[in-house]
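Shown next: structure_18.csv, given as CSV, C-alpha atoms.
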chain,number,residue,atom,x,y,z
X,17,MET,CA,13.4,111.8,-25.9
X,18,GLU,CA,9.7,111.3,-25.1
X,19,GLU,CA,9.1,110.8,-28.8
X,20,LEU,CA,11.9,108.2,-29.1
X,21,TYR,CA,10.4,105.9,-26.4
X,22,GLY,CA,6.8,106.6,-27.4
X,23,LEU,CA,5.9,108.3,-24.1
X,24,ASN,CA,4.3,111.4,-25.7
X,25,ASN,CA,0.8,110.2,-26.4
X,26,ASN,CA,-0.2,113.6,-28.0
X,27,LYS,CA,2.0,113.0,-31.0
X,28,LYS,CA,1.8,110.1,-33.5
X,29,PRO,CA,5.1,108.2,-34.0
X,30,LYS,CA,6.8,109.0,-37.3
X,31,CYS,CA,7.2,106.1,-39.7
X,32,SER,CA,9.4,105.7,-42.7
X,33,GLY,CA,9.2,103.3,-45.6
X,34,PRO,CA,6.2,102.0,-47.6
X,35,PRO,CA,2.9,101.3,-45.8
X,36,VAL,CA,2.5,97.8,-44.6
X,37,LYS,CA,-0.5,95.9,-46.0
X,38,LEU,CA,-2.4,93.6,-43.6
X,39,ALA,CA,-2.8,90.0,-44.5
X,40,LYS,CA,-6.3,89.1,-45.8
X,41,GLY,CA,-8.6,88.3,-43.0
X,42,ARG,CA,-6.3,89.8,-40.3
X,43,GLY,CA,-7.5,93.4,-40.4
X,44,ALA,CA,-8.3,95.7,-37.5
X,45,GLY,CA,-10.0,93.9,-34.7
X,46,ALA,CA,-8.6,90.4,-35.5
X,47,SER,CA,-7.2,88.7,-32.5
X,48,ASP,CA,-3.9,86.9,-32.4
X,49,ASP,CA,-5.0,85.0,-29.3
X,50,ALA,CA,-7.8,83.0,-31.0
X,51,PRO,CA,-7.8,79.5,-29.5
X,52,LEU,CA,-6.3,76.8,-31.8
X,53,SER,CA,-7.9,73.5,-32.3
X,54,ALA,CA,-6.2,70.4,-30.9
X,55,GLU,CA,-5.4,69.2,-34.4
X,56,THR,CA,-3.8,72.5,-35.3
X,57,ARG,CA,-1.7,72.5,-32.1
X,58,SER,CA,-0.6,69.0,-32.8
X,59,THR,CA,0.4,69.9,-36.4
X,60,LEU,CA,2.4,73.0,-35.1
X,61,ASP,CA,4.1,70.9,-32.4
X,62,LEU,CA,5.2,68.4,-35.1
X,63,LEU,CA,6.5,71.1,-37.4
X,64,TYR,CA,8.5,72.7,-34.5
X,65,LEU,CA,9.9,69.3,-33.6
X,66,GLU,CA,10.9,68.5,-37.2
X,67,SER,CA,12.6,71.9,-37.5
X,68,PHE,CA,14.6,71.3,-34.3
X,69,LEU,CA,15.5,67.8,-35.4
X,70,ARG,CA,16.8,69.0,-38.7
X,71,GLN,CA,19.0,71.6,-37.0
X,72,SER,CA,20.3,68.8,-34.7
X,73,HIS,CA,20.9,66.4,-37.7
X,74,LEU,CA,18.3,64.0,-36.4
X,75,THR,CA,15.0,62.6,-37.6
X,76,LEU,CA,11.7,61.6,-36.1
X,77,ASP,CA,12.8,58.0,-36.1
X,78,ASP,CA,15.4,59.0,-33.4
X,79,THR,CA,12.8,60.1,-30.9
X,80,VAL,CA,11.6,58.0,-28.0
X,81,ALA,CA,7.9,58.4,-29.1
X,82,THR,CA,8.6,56.9,-32.5
X,83,GLN,CA,10.8,54.1,-31.3
X,84,THR,CA,8.5,53.0,-28.5
X,85,GLY,CA,5.0,54.0,-29.8
X,86,MET,CA,4.4,55.7,-26.5
X,87,VAL,CA,1.8,58.5,-26.5
X,88,TYR,CA,2.8,61.8,-24.7
X,89,ARG,CA,0.5,64.5,-23.4
X,90,ASN,CA,1.0,67.8,-21.7
X,91,LEU,CA,0.4,68.0,-18.0
X,92,GLY,CA,-2.6,70.2,-18.1
X,93,LYS,CA,-1.6,73.5,-19.8
X,94,SER,CA,2.0,73.3,-18.6
X,95,GLY,CA,4.8,72.5,-20.9
X,96,LEU,CA,5.7,69.3,-19.1
X,97,ARG,CA,5.3,66.3,-21.5
X,98,VAL,CA,4.3,63.1,-19.7
X,99,SER,CA,3.8,59.6,-21.0
X,100,CYS,CA,0.1,58.7,-21.1
X,101,LEU,CA,0.9,55.7,-18.9
X,102,GLY,CA,3.0,55.9,-15.7
X,103,ILE,CA,4.2,53.6,-12.9
X,104,GLY,CA,2.8,53.9,-9.4
X,105,SER,CA,4.3,52.2,-6.4
X,106,TRP,CA,1.4,51.7,-4.0
X,107,THR,CA,1.3,48.1,-2.6
X,108,THR,CA,4.2,47.1,-4.8
X,109,PHE,CA,7.7,48.6,-4.5
X,110,GLY,CA,9.3,48.1,-1.1
X,111,SER,CA,6.5,45.7,0.1
X,112,GLN,CA,4.9,43.1,-2.1
X,113,VAL,CA,7.5,43.2,-4.9
X,114,PRO,CA,11.3,42.4,-4.3
X,115,GLU,CA,13.8,45.0,-5.5
X,116,LYS,CA,15.0,42.7,-8.4
X,117,VAL,CA,11.4,42.5,-9.8
X,118,SER,CA,10.9,46.2,-9.2
X,119,GLU,CA,14.0,46.8,-11.3
X,120,GLU,CA,12.7,44.6,-14.1
X,121,ILE,CA,9.4,46.6,-14.1
X,122,LEU,CA,11.1,50.0,-14.2
X,123,THR,CA,13.5,48.9,-16.9
X,124,LEU,CA,10.8,47.6,-19.1
X,125,ALA,CA,8.7,50.8,-18.5
X,126,TYR,CA,11.6,53.1,-19.3
X,127,ASP,CA,12.6,51.2,-22.4
X,128,SER,CA,8.9,51.3,-23.5
X,129,GLY,CA,8.8,55.1,-23.3
X,130,VAL,CA,7.2,55.5,-19.8
X,131,ASN,CA,8.7,58.6,-18.2
X,132,PHE,CA,6.5,59.1,-15.2
X,133,PHE,CA,7.2,57.3,-11.9
X,134,ASP,CA,5.0,58.1,-8.9
X,135,THR,CA,5.6,57.3,-5.2
X,136,SER,CA,4.8,58.6,-1.7
X,137,GLU,CA,6.6,59.4,1.5
X,138,ASN,CA,4.6,56.8,3.5
X,139,LEU,CA,4.5,53.9,1.1
X,140,ALA,CA,6.1,50.9,2.9
X,141,SER,CA,7.4,53.3,5.5
X,142,GLY,CA,9.6,55.0,2.9
X,143,LYS,CA,11.0,51.8,1.4
X,144,ALA,CA,9.1,52.5,-1.9
X,145,GLU,CA,11.0,55.7,-2.4
X,146,ALA,CA,14.3,54.1,-1.4
X,147,THR,CA,13.7,51.3,-3.9
X,148,LEU,CA,12.9,53.7,-6.7
X,149,GLY,CA,16.0,55.8,-5.9
X,150,ASN,CA,18.3,52.8,-5.8
X,151,ILE,CA,17.1,51.6,-9.2
X,152,ILE,CA,17.4,55.0,-10.8
X,153,LYS,CA,20.9,55.4,-9.5
X,154,LYS,CA,21.9,51.9,-10.6
X,155,LYS,CA,20.5,52.4,-14.2
X,156,GLY,CA,22.2,55.7,-14.7
X,157,TRP,CA,19.3,57.2,-16.6
X,158,ARG,CA,19.6,60.9,-17.6
X,159,ARG,CA,17.8,62.9,-15.0
X,160,SER,CA,16.2,65.0,-17.7
X,161,SER,CA,14.7,62.0,-19.4
X,162,PHE,CA,12.2,61.0,-16.7
X,163,ILE,CA,9.7,62.5,-14.2
X,164,VAL,CA,9.5,61.6,-10.5
X,165,SER,CA,6.6,62.6,-8.3
X,166,THR,CA,6.0,62.0,-4.6
X,167,LYS,CA,3.2,62.8,-2.1
X,168,LEU,CA,3.3,64.4,1.3
X,169,TYR,CA,1.0,63.9,4.3
X,170,TRP,CA,1.7,60.7,6.2
X,171,GLY,CA,5.4,61.1,7.1
X,172,GLY,CA,5.9,59.6,10.6
X,173,GLN,CA,4.5,58.9,14.0
X,174,ALA,CA,5.2,62.3,15.6
X,175,GLU,CA,2.6,65.0,15.3
X,176,THR,CA,5.0,67.2,13.4
X,177,GLU,CA,5.8,64.4,10.9
X,178,ARG,CA,2.5,64.4,9.2
X,179,GLY,CA,-0.1,66.8,8.0
X,180,LEU,CA,0.2,69.8,5.7
X,181,SER,CA,2.0,72.3,7.9
X,182,ARG,CA,4.8,74.4,6.3
X,183,LYS,CA,7.2,72.5,8.6
X,184,HIS,CA,6.2,69.1,7.4
X,185,ILE,CA,5.8,70.0,3.7
X,186,ILE,CA,9.4,71.3,3.6
X,187,GLU,CA,11.0,68.8,5.9
X,188,GLY,CA,8.9,65.9,4.4
X,189,LEU,CA,10.0,66.6,0.9
X,190,ARG,CA,13.7,66.9,1.9
X,191,GLY,CA,13.3,63.5,3.5
X,192,CYS,CA,11.9,62.1,0.3
X,193,LEU,CA,14.8,63.5,-1.7
X,194,GLN,CA,17.2,61.7,0.6
X,195,ARG,CA,15.5,58.4,0.1
X,196,LEU,CA,15.2,59.0,-3.6
X,197,GLN,CA,18.8,60.1,-3.8
X,198,LEU,CA,17.7,63.0,-6.1
X,199,GLN,CA,18.3,66.7,-6.0
X,200,TYR,CA,14.7,67.5,-6.9
X,201,VAL,CA,11.4,65.9,-7.7
X,202,ASP,CA,9.4,67.0,-10.8
X,203,ILE,CA,6.1,67.1,-9.0
X,204,VAL,CA,5.3,67.2,-5.3
X,205,PHE,CA,1.7,66.2,-4.5
X,206,VAL,CA,0.0,67.6,-1.4
X,207,ASN,CA,-2.0,64.6,-0.4
X,208,ARG,CA,-5.7,65.2,0.6
X,209,PRO,CA,-6.7,68.4,2.5
X,210,ASP,CA,-5.5,68.4,6.0
X,211,VAL,CA,-8.4,68.3,8.5
X,212,ASN,CA,-6.3,70.6,10.7
X,213,THR,CA,-5.7,73.1,7.8
X,214,ALA,CA,-8.3,75.7,7.0
X,215,MET,CA,-9.6,75.1,3.5
X,216,ASP,CA,-13.0,76.8,3.6
X,217,GLY,CA,-12.8,79.1,6.7
X,218,HIS,CA,-14.6,76.7,9.0
X,219,PHE,CA,-13.0,74.8,11.8
X,220,ALA,CA,-13.9,72.3,14.5
X,221,PRO,CA,-13.8,74.0,18.0
X,222,GLN,CA,-10.5,72.3,19.0
X,223,SER,CA,-8.8,72.0,15.6
X,224,ARG,CA,-5.5,73.7,14.9
X,225,ILE,CA,-6.0,76.6,12.6
X,226,PHE,CA,-3.8,76.9,9.6
X,227,SER,CA,-4.7,78.3,6.1
X,228,VAL,CA,-4.5,77.1,2.6
X,229,GLU,CA,-2.1,80.1,2.1
X,230,GLU,CA,0.4,78.2,4.3
X,231,ILE,CA,0.3,75.2,1.9
X,232,VAL,CA,0.7,77.4,-1.2
X,233,ARG,CA,3.5,79.4,0.3
X,234,ALA,CA,5.4,76.2,1.4
X,235,THR,CA,5.1,74.6,-2.0
X,236,THR,CA,6.1,77.8,-3.7
X,237,PHE,CA,9.2,78.0,-1.5
X,238,LEU,CA,10.2,74.4,-2.5
X,239,ILE,CA,9.8,75.3,-6.2
X,240,ASN,CA,11.8,78.5,-5.8
X,241,GLN,CA,14.5,76.5,-3.9
X,242,GLY,CA,14.8,74.1,-6.8
X,243,GLU,CA,13.6,71.1,-4.8
X,244,ALA,CA,10.5,70.6,-7.0
X,245,MET,CA,9.4,71.8,-10.4
X,246,TYR,CA,5.6,71.7,-10.0
X,247,TRP,CA,3.2,71.0,-7.2
X,248,GLY,CA,-0.2,69.3,-7.4
X,249,THR,CA,-3.0,68.1,-5.2
X,250,THR,CA,-4.3,64.6,-4.4
X,251,ARG,CA,-8.0,64.0,-3.8
X,252,TRP,CA,-8.9,67.6,-3.3
X,253,SER,CA,-12.3,68.9,-4.3
X,254,PRO,CA,-12.7,71.4,-7.1
X,255,VAL,CA,-13.6,74.1,-4.6
X,256,GLU,CA,-10.4,73.5,-2.6
X,257,ILE,CA,-8.3,73.5,-5.7
X,258,MET,CA,-9.8,76.8,-6.9
X,259,GLU,CA,-9.2,78.3,-3.4
X,260,ALA,CA,-5.5,77.3,-3.7
X,261,TYR,CA,-5.3,78.8,-7.2
X,262,SER,CA,-7.0,82.0,-6.0
X,263,VAL,CA,-4.6,82.4,-3.1
X,264,ALA,CA,-1.6,81.9,-5.5
X,265,ARG,CA,-3.0,84.6,-7.8
X,266,GLN,CA,-3.7,87.0,-4.9
X,267,PHE,CA,-0.2,86.7,-3.4
X,268,ASN,CA,1.8,86.2,-6.6
X,269,LEU,CA,2.6,82.6,-5.6
X,270,ILE,CA,2.6,79.3,-7.6
X,271,GLY,CA,-0.7,77.5,-7.9
X,272,PRO,CA,-1.3,73.7,-8.4
X,273,THR,CA,-0.5,72.3,-11.8
X,274,CYS,CA,-2.4,69.0,-11.5
X,275,GLU,CA,-4.8,66.9,-9.4
X,276,GLN,CA,-4.3,63.1,-8.8
X,277,SER,CA,-7.4,61.0,-8.1
X,278,GLU,CA,-8.8,57.6,-8.6
X,279,TYR,CA,-10.5,56.9,-12.0
X,280,HIS,CA,-11.8,53.7,-13.5
X,281,LEU,CA,-14.9,52.2,-15.0
X,282,PHE,CA,-16.9,52.5,-11.8
X,283,GLN,CA,-15.5,55.8,-10.5
X,284,ARG,CA,-16.1,58.5,-13.0
X,285,LEU,CA,-17.9,61.5,-11.5
X,286,LYS,CA,-14.9,63.7,-10.5
X,287,MET,CA,-12.7,63.1,-13.6
X,288,GLU,CA,-15.5,63.5,-16.1
X,289,ALA,CA,-17.9,66.1,-14.6
X,290,GLN,CA,-15.8,68.2,-12.3
X,291,LEU,CA,-12.1,68.5,-13.3
X,292,PRO,CA,-12.6,69.2,-17.0
X,293,GLU,CA,-14.0,72.6,-16.0
X,294,LEU,CA,-10.8,73.4,-14.0
X,295,TYR,CA,-8.7,72.4,-17.0
X,296,HIS,CA,-10.5,75.0,-19.1
X,297,LYS,CA,-10.5,77.7,-16.4
X,298,ILE,CA,-7.0,77.4,-14.9
X,299,GLY,CA,-5.2,74.8,-17.0
X,300,LEU,CA,-5.3,72.1,-14.3
X,301,GLY,CA,-3.9,68.7,-15.4
X,302,SER,CA,-5.2,65.3,-14.3
X,303,VAL,CA,-3.2,62.3,-13.2
X,304,THR,CA,-5.3,59.2,-12.4
X,305,CYS,CA,-4.5,56.1,-10.4
X,306,SER,CA,-6.1,52.6,-9.9
X,307,PRO,CA,-7.4,52.2,-13.5
X,308,LEU,CA,-8.2,48.5,-12.6
X,309,ALA,CA,-9.7,49.3,-9.1
X,310,CYS,CA,-6.8,47.4,-7.4
X,311,GLY,CA,-7.3,44.4,-9.7
X,312,PHE,CA,-11.0,44.1,-9.3
X,313,ILE,CA,-11.7,44.9,-12.9
X,314,THR,CA,-9.5,42.1,-14.1
X,315,GLY,CA,-12.0,39.6,-12.6
X,316,LYS,CA,-9.5,37.8,-10.5
X,317,TYR,CA,-11.6,38.3,-7.3
X,318,GLU,CA,-14.7,36.7,-8.7
X,319,GLU,CA,-14.2,33.3,-7.1
X,320,CYS,CA,-12.0,34.2,-4.1
X,321,ILE,CA,-9.4,36.7,-2.8
X,322,PRO,CA,-6.0,35.4,-3.9
X,323,LYS,CA,-3.3,35.4,-1.2
X,324,HIS,CA,-0.9,38.4,-1.4
X,325,SER,CA,-3.3,40.1,-3.8
X,326,SER,CA,-4.3,43.8,-3.3
X,327,ALA,CA,-7.6,42.8,-1.9
X,328,SER,CA,-5.9,40.9,0.9
X,329,LEU,CA,-4.0,44.0,2.1
X,330,GLN,CA,-4.9,46.3,4.9
X,331,GLY,CA,-6.9,49.3,3.6
X,332,CYS,CA,-8.4,47.3,0.7
X,333,GLU,CA,-11.2,45.5,2.5
X,334,TRP,CA,-13.6,47.6,0.5
X,335,LEU,CA,-13.0,45.1,-2.4
X,336,GLN,CA,-14.8,42.5,-0.5
X,337,ASP,CA,-18.0,44.6,0.0
X,338,GLU,CA,-21.2,43.1,-1.4
X,339,GLU,CA,-21.9,46.3,-3.3
X,340,VAL,CA,-18.5,46.0,-5.0
X,341,GLN,CA,-18.8,42.3,-5.7
X,342,SER,CA,-22.2,43.0,-7.3
X,343,GLN,CA,-20.4,44.7,-10.2
X,344,GLN,CA,-19.0,41.4,-11.3
X,345,ALA,CA,-22.0,41.0,-13.6
X,346,ARG,CA,-21.2,44.2,-15.4
X,347,LEU,CA,-17.6,43.0,-16.0
X,348,LYS,CA,-18.9,39.8,-17.6
X,349,GLN,CA,-21.0,41.9,-20.0
X,350,LEU,CA,-17.8,43.8,-21.0
X,351,GLN,CA,-15.9,40.6,-21.8
X,352,PRO,CA,-17.5,40.2,-25.3
X,353,ILE,CA,-16.3,43.7,-26.2
X,354,ALA,CA,-12.8,42.7,-25.1
X,355,GLU,CA,-12.9,39.6,-27.2
X,356,GLN,CA,-14.1,41.6,-30.2
X,357,LEU,CA,-11.0,43.8,-29.9
X,358,THR,CA,-8.8,40.8,-29.2
X,359,CYS,CA,-7.6,42.3,-25.9
X,360,SER,CA,-7.8,41.5,-22.2
X,361,LEU,CA,-10.4,43.1,-19.9
X,362,ALA,CA,-7.5,44.9,-18.2
X,363,GLN,CA,-6.3,46.4,-21.5
X,364,LEU,CA,-9.9,47.5,-22.4
X,365,ALA,CA,-10.3,49.2,-19.0
X,366,ILE,CA,-7.0,51.1,-19.2
X,367,ALA,CA,-7.7,52.1,-22.8
X,368,TRP,CA,-11.2,53.3,-21.7
X,369,CYS,CA,-9.4,55.6,-19.2
X,370,LEU,CA,-7.0,56.9,-21.9
X,371,ARG,CA,-9.9,57.8,-24.2
X,372,ASN,CA,-10.5,60.8,-21.9
X,373,GLU,CA,-8.1,63.4,-23.5
X,374,SER,CA,-8.3,65.7,-20.5
X,375,ILE,CA,-6.3,63.1,-18.5
X,376,SER,CA,-2.6,63.6,-18.8
X,377,CYS,CA,-1.4,60.3,-17.3
X,378,VAL,CA,-2.8,57.0,-16.0
X,379,LEU,CA,-0.7,55.4,-13.3
X,380,LEU,CA,-0.4,51.7,-13.4
X,381,GLY,CA,0.2,49.4,-10.4
X,382,VAL,CA,1.9,46.2,-11.5
X,383,SER,CA,3.7,43.4,-9.6
X,384,ASP,CA,5.7,41.9,-12.4
X,385,ALA,CA,7.0,42.7,-15.9
X,386,THR,CA,4.4,40.4,-17.5
X,387,GLN,CA,1.5,42.5,-16.1
X,388,LEU,CA,3.2,45.7,-17.2
X,389,ARG,CA,3.7,44.4,-20.8
X,390,GLU,CA,0.0,43.5,-20.9
X,391,ASN,CA,-1.1,46.9,-19.6
X,392,LEU,CA,1.1,48.7,-22.1
X,393,GLY,CA,-0.8,47.0,-24.8
X,394,ALA,CA,-3.8,49.3,-23.9
X,395,ILE,CA,-2.2,52.0,-26.1
X,396,GLN,CA,-2.9,49.9,-29.2
X,397,VAL,CA,-6.4,49.1,-27.9
X,398,LEU,CA,-7.1,52.8,-27.6
X,399,GLN,CA,-6.8,53.2,-31.3
X,400,GLN,CA,-9.7,50.7,-31.8
X,401,LEU,CA,-12.1,52.4,-29.4
X,402,THR,CA,-14.8,53.8,-31.6
X,403,PRO,CA,-17.6,56.0,-30.3
X,404,GLU,CA,-19.9,53.0,-30.9
X,405,ILE,CA,-17.8,50.8,-28.7
X,406,ILE,CA,-17.6,53.4,-26.0
X,407,GLY,CA,-21.4,53.9,-26.2
X,408,GLN,CA,-21.8,50.1,-25.6
X,409,MET,CA,-19.6,50.2,-22.6
X,410,ASP,CA,-21.5,53.2,-21.1
X,411,ASP,CA,-24.8,51.4,-21.6
X,412,ILE,CA,-23.4,48.4,-19.6
X,413,LEU,CA,-21.7,50.5,-16.9
X,414,GLY,CA,-24.6,52.9,-16.4
X,415,ASN,CA,-22.1,55.4,-14.8
X,416,ARG,CA,-22.6,53.9,-11.4
X,417,PRO,CA,-19.8,54.7,-9.0
X,418,LEU,CA,-17.9,51.9,-7.1
X,419,GLY,CA,-17.7,52.0,-3.3
X,420,ARG,CA,-15.1,54.4,-2.0
X,421,ARG,CA,-12.3,53.5,0.3
X,422,ASP,CA,-10.2,55.6,2.7
X,423,SER,CA,-6.6,54.7,1.8
X,424,ARG,CA,-3.5,56.4,3.0
X,425,ILE,CA,-1.5,56.6,-0.3
Any chance you could give the structure as structure tokens?
Amino acid sequence: MEELYGLNNNKKPKCSGPPVKLAKGRGAGASDDAPLSAETRSTLDLLYLESFLRQSHLTLDDTVATQTGMVYRNLGKSGLRVSCLGIGSWTTFGSQVPEKVSEEILTLAYDSGVNFFDTSENLASGKAEATLGNIIKKKGWRRSSFIVSTKLYWGGQAETERGLSRKHIIEGLRGCLQRLQLQYVDIVFVNRPDVNTAMDGHFAPQSRIFSVEEIVRATTFLINQGEAMYWGTTRWSPVEIMEAYSVARQFNLIGPTCEQSEYHLFQRLKMEAQLPELYHKIGLGSVTCSPLACGFITGKYEECIPKHSSASLQGCEWLQDEEVQSQQARLKQLQPIAEQLTCSLAQLAIAWCLRNESISCVLLGVSDATQLRENLGAIQVLQQLTPEIIGQMDDILGNRPLGRRDSRI
């Protein structure tokens, strides 16, 4: 019996049949886990897809990617495929944009291959989630064909309705699901580290003491309950993300899959210098927002602040700072490059974000279908961005960060 199951290590297993010859170059000591290049992985993915389509009596022409031209990327090292452009709802759905216009935006996005829709529990006091939920229900889209994410932190006025306690994480997401009219969200983002939650073991004398373990256990519970597929962080530092990952490993829980942060021409440090290391270490994905710096990069704030624009909203006063406005000269220097590529400055800026392959998805904030149609054109501009053009842009930008703001999204 021991020989049958290979439990007797003192005896060699008996073999029958001719000896097996090893393939050339794969002898003893060769590793099957050697990392594959991006080109090899892409080729293998295409072969697997073609094999599946043949079995299903379909062709590549029937896929959404081929029909729309949308580019899809993995969310970090997870298997979730997200469109490289997504739709955010900050300052738009439920507030600035009527529901009819919101429906036009989402319809155009979905028909163009966008499958990532991001919102938050506090946007427009929950109206953003309700608007998104109403439109999804009305359109009757297959739930398996799109991704919805939401953020937790600012839920209500009561002390127990905000923060990152286990109570609010669980109750907050269930409130989101009611407004979205969904059984689950694909990604739940834990928004910014709670000042009342221990992230590094140090506390203010009168702060309430929780631990990052509480956050990881709460999000793991939601995933195990089927109320979320993945969880991620928003505006966490690399150290805080690694601590959450370590806690998950220590207690056999589920760690964060992605981080969402601001990234644009003038805000580069975190996405380019810090998060790539976490991608290679733990497979962390990156979702970015505000690729146009709330419209600043389009140049529309050069003369004045238009009424009902993002810069006129509460929380966006930073757009009127002298330091920010001083960047207008750099934008003017980028205009000839946009003209050379026959694109708008907005398309150039979004394509510049997409050229970073470690970023899984860039979230767009648009107020009408015309803006969305223009922004989607950045995918074609991306194909024209040569290393020489990117070098010219870097020389102009000088890698100087734009002033930070403290928003509540």
Test item: which residues lie within 12 Å of (5.5, 38.9, -15.3) counting all atoms listed in the file, as an NGL selection string: :X and (113 or 117-118 or 120-121 or 124 or 382-391)
Find the distance between CA of Thr123 (chain X) and CA of Thr249 (chain X) and write it in Å to one decimal.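 That distance, rounded to one decimal, is 27.9 Å.
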Nearby residues (only C-alpha atoms) at most 9 Å from Gln396 (chain X), same-chain spacing under 3 positions excluded, as a list in words: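 So the residues in contact are Gly85, Ala367, Leu392, Gly393, Gln399 and Gln400 of chain X.
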CA of Val201 (chain X) to CA of Leu148 (chain X), distance in Å rounded to a single decimal: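 Between CA of Val201 (chain X) and CA of Leu148 (chain X) the gap works out to 12.3 Å.
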So which residues touch Gly299 (chain X) within 8 Å, counting all atoms listed in the file, skipping near sequence neighbours fewer than 5 positions away, as a PDB file with C-alpha atoms, in the coordinates of the input?
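out28.pdb was written with the following content:
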ATOM      1  CA  GLY X  92      -2.600  70.200 -18.100  1.00  0.00           C
ATOM      2  CA  LYS X  93      -1.600  73.500 -19.800  1.00  0.00           C
ATOM      3  CA  SER X  94       2.000  73.300 -18.600  1.00  0.00           C
ATOM      4  CA  THR X 273      -0.500  72.300 -11.800  1.00  0.00           C
ATOM      5  CA  LEU X 294     -10.800  73.400 -14.000  1.00  0.00           C
TER       6      LEU X 294
END
Give me, please, the distance in Å between CA of Pro307 (chain X) and CA of Glu278 (chain X), quoted to one decimal.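 CA of Glu278 (chain X) lies at a distance of 7.4 Å from CA of Pro307 (chain X).
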Within 7 Å of Cys274 (chain X), counting only C-alpha atoms, which residues qualify if same-chain residues fewer than 4 places away don't, as a short mmCIF file (atom, residue, chain, number, x, y, z; two decimals) with C-alpha atoms, in the frame of the given file?
data_model
loop_
_atom_site.label_atom_id
_atom_site.label_comp_id
_atom_site.auth_asym_id
_atom_site.auth_seq_id
_atom_site.Cartn_x
_atom_site.Cartn_y
_atom_site.Cartn_z
CA GLY X 92 -2.60 70.20 -18.10
CA GLY X 248 -0.20 69.30 -7.40
CA THR X 249 -3.00 68.10 -5.20
CA LEU X 300 -5.30 72.10 -14.30
CA GLY X 301 -3.90 68.70 -15.40
CA SER X 302 -5.20 65.30 -14.30
CA VAL X 303 -3.20 62.30 -13.20
#
Selection: 7 Å around Gly188 (chain X), only C-alpha atoms, excl. self and same-chain fewer than 3 positions, as a list of chain:residue names: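 Result of the neighbour search: X:Leu168, X:Gly171, X:His184, X:Ile185, X:Gly191, X:Cys192.
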Counting all atoms listed in the file, the option among X:Tyr126, X:Tyr169, X:Phe267, X:Trp106 closest to Val80 (chain X): X:Tyr126
Compare X:Ile366, X:Leu198, X:Asn131, X:Leu101 by their minimum atom-to-atom distance to Gly149 (chain X), counting only C-alpha atoms, and give me the closest one. X:Leu198
Excluding same-chain residues fewer than 4 positions from Lys297 (chain X), what lies within 12 Å of it counting all atoms listed in the file, as a PyMOL selection string? chain X and resi 92-93+254+257-258+261-262+290-293+301
Option closest in space to Phe282 (chain X), from X:Asp134, X:Asp78, X:Glu404, X:Asp410 [counting only C-alpha atoms]: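 For Phe282 (chain X), the nearest of the candidates is X:Asp410.
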